[in-house]
Amino acid sequence: MPPKPSASSGCRTGSPGDKFRNFATMKRLLILLLLCCGAPRVGASEPPQCLFQFYTTFDGLTHDRIADIYTDSRGFVWVCTWYGVSRFDGYAFRNFNAVPGDFSPLSHHRFVSVSEDANGHLWFTTYNLHVYRFNRFTEQFEDVAALIEGFDAKHYRTTHCLHDREGGTWVAIAGQGVVRFAGRKMFYSVVFIIFHVFHCNSLIYTVLQCRFPTY
């Protein structure tokens, strides 16, 4: 008689049940592999195609030196330059600056910043740190500092200009305090006279940021 194979010789085939379980496991692994290979990778999509267009004074921009750019709620792009402000509607520029003899309240032709209040009016700061409101209805600059009773509107420096949700604008004035201009659709008024309590510019900034964050 041929000798019986020992338990250690040859390979173990296993039972039919083991074969079935192994086949099921391999099938699941194969499906998972196919899903991983076929699934799109997150963030691997092609970047959007962007078209960059350059504009200079040859295109109507009032000056090539730019300090600030802002897009308002109506879609206009406002560009603060070293010689006036340019408004772009997507097709052409319209320029606003101080021209001798036009009775403009602007004390400087160089603009450094622009923001918008809740009523859609634009607030500009000039190089000498004076603040002006651009009335969206009349399209004229307004010297809001002249509204403050007993205030020297020709010799001052603003440090911050923030807007609240009610349409008011808070302006911090160096060495003076804070004043709030209450904005309405076409008019405005000073509803809070300068608070002489705040003499530290950093404290003014903290109060404005805590109560009326920028948005």
# chains A, B, ... in the order shown; residues from 1 in each chain; ligands from 1
>>> residues_around(residues="Val131 (chain A)", least_positions_apart="3", cutoff="8 Å", atoms="only C-alpha atoms", output="list in words")
Trp123, Phe124, Thr125, Thr126, Asp143, Val144, Ala145 and Thr158 of chain A
>>> write_last_selection(atoms="all heavy atoms", output="compact mmCIF listing (two decimals), in the first residue's frame")
# COMPACT_ATOMS: atom_id res chain seq x y z
N TRP A 123 -17.65 106.13 0.60
CA TRP A 123 -16.86 106.97 1.50
C TRP A 123 -15.40 106.86 1.11
O TRP A 123 -14.84 105.76 1.06
CB TRP A 123 -17.07 106.55 2.95
CG TRP A 123 -18.47 106.83 3.44
CD1 TRP A 123 -19.61 106.17 3.10
CD2 TRP A 123 -18.86 107.87 4.33
NE1 TRP A 123 -20.69 106.72 3.73
CE2 TRP A 123 -20.27 107.77 4.49
CE3 TRP A 123 -18.17 108.87 5.03
CZ2 TRP A 123 -20.98 108.64 5.32
CZ3 TRP A 123 -18.88 109.73 5.84
CH2 TRP A 123 -20.28 109.61 5.98
N PHE A 124 -14.79 108.02 0.84
CA PHE A 124 -13.40 108.07 0.37
C PHE A 124 -12.53 108.78 1.39
O PHE A 124 -12.95 109.73 2.04
CB PHE A 124 -13.31 108.79 -0.97
CG PHE A 124 -13.94 108.06 -2.11
CD1 PHE A 124 -15.28 108.25 -2.42
CD2 PHE A 124 -13.20 107.19 -2.90
CE1 PHE A 124 -15.88 107.58 -3.47
CE2 PHE A 124 -13.79 106.51 -3.95
CZ PHE A 124 -15.12 106.71 -4.24
N THR A 125 -11.30 108.30 1.48
CA THR A 125 -10.27 108.97 2.28
C THR A 125 -9.17 109.45 1.35
O THR A 125 -8.70 108.69 0.50
CB THR A 125 -9.68 108.03 3.34
OG1 THR A 125 -10.73 107.53 4.16
CG2 THR A 125 -8.66 108.77 4.20
N THR A 126 -8.80 110.70 1.50
CA THR A 126 -7.76 111.28 0.65
C THR A 126 -6.39 111.16 1.32
O THR A 126 -6.28 110.74 2.47
CB THR A 126 -8.08 112.75 0.34
OG1 THR A 126 -8.31 113.45 1.56
CG2 THR A 126 -9.30 112.85 -0.54
N ASP A 143 -18.41 117.12 1.88
CA ASP A 143 -17.47 117.28 3.00
C ASP A 143 -18.25 117.07 4.30
O ASP A 143 -18.80 118.02 4.87
CB ASP A 143 -16.83 118.66 2.94
CG ASP A 143 -15.74 118.83 3.98
OD1 ASP A 143 -15.40 117.84 4.65
OD2 ASP A 143 -15.23 119.96 4.13
N VAL A 144 -18.30 115.83 4.77
CA VAL A 144 -19.10 115.52 5.94
C VAL A 144 -18.51 116.11 7.21
O VAL A 144 -19.23 116.36 8.18
CB VAL A 144 -19.26 113.99 6.10
CG1 VAL A 144 -20.10 113.43 4.96
CG2 VAL A 144 -17.91 113.31 6.16
N ALA A 145 -17.21 116.34 7.24
CA ALA A 145 -16.59 116.90 8.44
C ALA A 145 -17.10 118.31 8.72
O ALA A 145 -17.11 118.75 9.87
CB ALA A 145 -15.08 116.91 8.29
N THR A 158 -8.25 111.56 9.94
CA THR A 158 -9.05 110.40 10.31
C THR A 158 -8.16 109.17 10.42
O THR A 158 -7.15 109.05 9.71
CB THR A 158 -10.15 110.13 9.28
OG1 THR A 158 -9.55 109.89 8.00
CG2 THR A 158 -11.10 111.32 9.17
>>> atom_distance(atom1="CA of Pro48 (chain A)", atom2="CA of Ser86 (chain A)")
28.5 Å
>>> residues_around(residues="Arg165 (chain A)", least_positions_apart="2", cutoff="9 Å", atoms="only C-alpha atoms", output="list in words")
Asp117, Ala118, His163, Gly167, Gly168 and Phe212 of chain A
>>> residues_around(residues="region 55-68 of chain A", least_positions_apart="3", cutoff="8 Å", atoms="only C-alpha atoms", output="ChimeraX atom specification")
/A:79-86,92-95,111-114
>>> write_last_selection(atoms="N, CA and C atoms", output="short mmCIF file (atom, residue, chain, number, x, y, z; two decimals), in the first residue's frame")
data_model
loop_
_atom_site.label_atom_id
_atom_site.label_comp_id
_atom_site.auth_asym_id
_atom_site.auth_seq_id
_atom_site.Cartn_x
_atom_site.Cartn_y
_atom_site.Cartn_z
N VAL A 79 -11.83 102.86 -8.50
CA VAL A 79 -10.37 102.79 -8.44
C VAL A 79 -9.85 104.11 -7.86
N CYS A 80 -9.20 104.02 -6.70
CA CYS A 80 -8.58 105.20 -6.09
C CYS A 80 -7.17 105.36 -6.65
N THR A 81 -6.90 106.48 -7.24
CA THR A 81 -5.60 106.72 -7.85
C THR A 81 -4.93 107.95 -7.23
N TRP A 82 -3.75 108.22 -7.72
CA TRP A 82 -3.00 109.38 -7.24
C TRP A 82 -3.55 110.70 -7.81
N TYR A 83 -4.48 110.59 -8.73
CA TYR A 83 -5.09 111.81 -9.26
C TYR A 83 -6.57 111.54 -9.54
N GLY A 84 -7.36 111.48 -8.48
CA GLY A 84 -8.79 111.30 -8.62
C GLY A 84 -9.24 109.86 -8.53
N VAL A 85 -10.53 109.68 -8.79
CA VAL A 85 -11.18 108.37 -8.71
C VAL A 85 -11.75 108.01 -10.07
N SER A 86 -11.58 106.76 -10.44
CA SER A 86 -12.15 106.26 -11.69
C SER A 86 -13.23 105.22 -11.38
N ALA A 92 -16.41 101.28 -19.86
CA ALA A 92 -15.63 102.52 -19.93
C ALA A 92 -15.45 103.09 -18.53
N PHE A 93 -14.50 104.02 -18.43
CA PHE A 93 -14.21 104.69 -17.17
C PHE A 93 -14.89 106.06 -17.14
N ARG A 94 -15.32 106.43 -15.93
CA ARG A 94 -15.74 107.81 -15.68
C ARG A 94 -14.91 108.31 -14.51
N ASN A 95 -14.29 109.47 -14.68
CA ASN A 95 -13.35 109.97 -13.69
C ASN A 95 -13.94 111.09 -12.86
N PHE A 111 -6.39 109.86 -3.74
CA PHE A 111 -7.30 109.06 -2.93
C PHE A 111 -6.60 107.77 -2.49
N VAL A 112 -6.86 107.37 -1.24
CA VAL A 112 -6.15 106.21 -0.70
C VAL A 112 -7.08 105.05 -0.34
N SER A 113 -8.37 105.30 -0.08
CA SER A 113 -9.25 104.19 0.29
C SER A 113 -10.69 104.53 -0.04
N VAL A 114 -11.51 103.48 -0.17
CA VAL A 114 -12.93 103.64 -0.47
C VAL A 114 -13.71 102.51 0.20
#
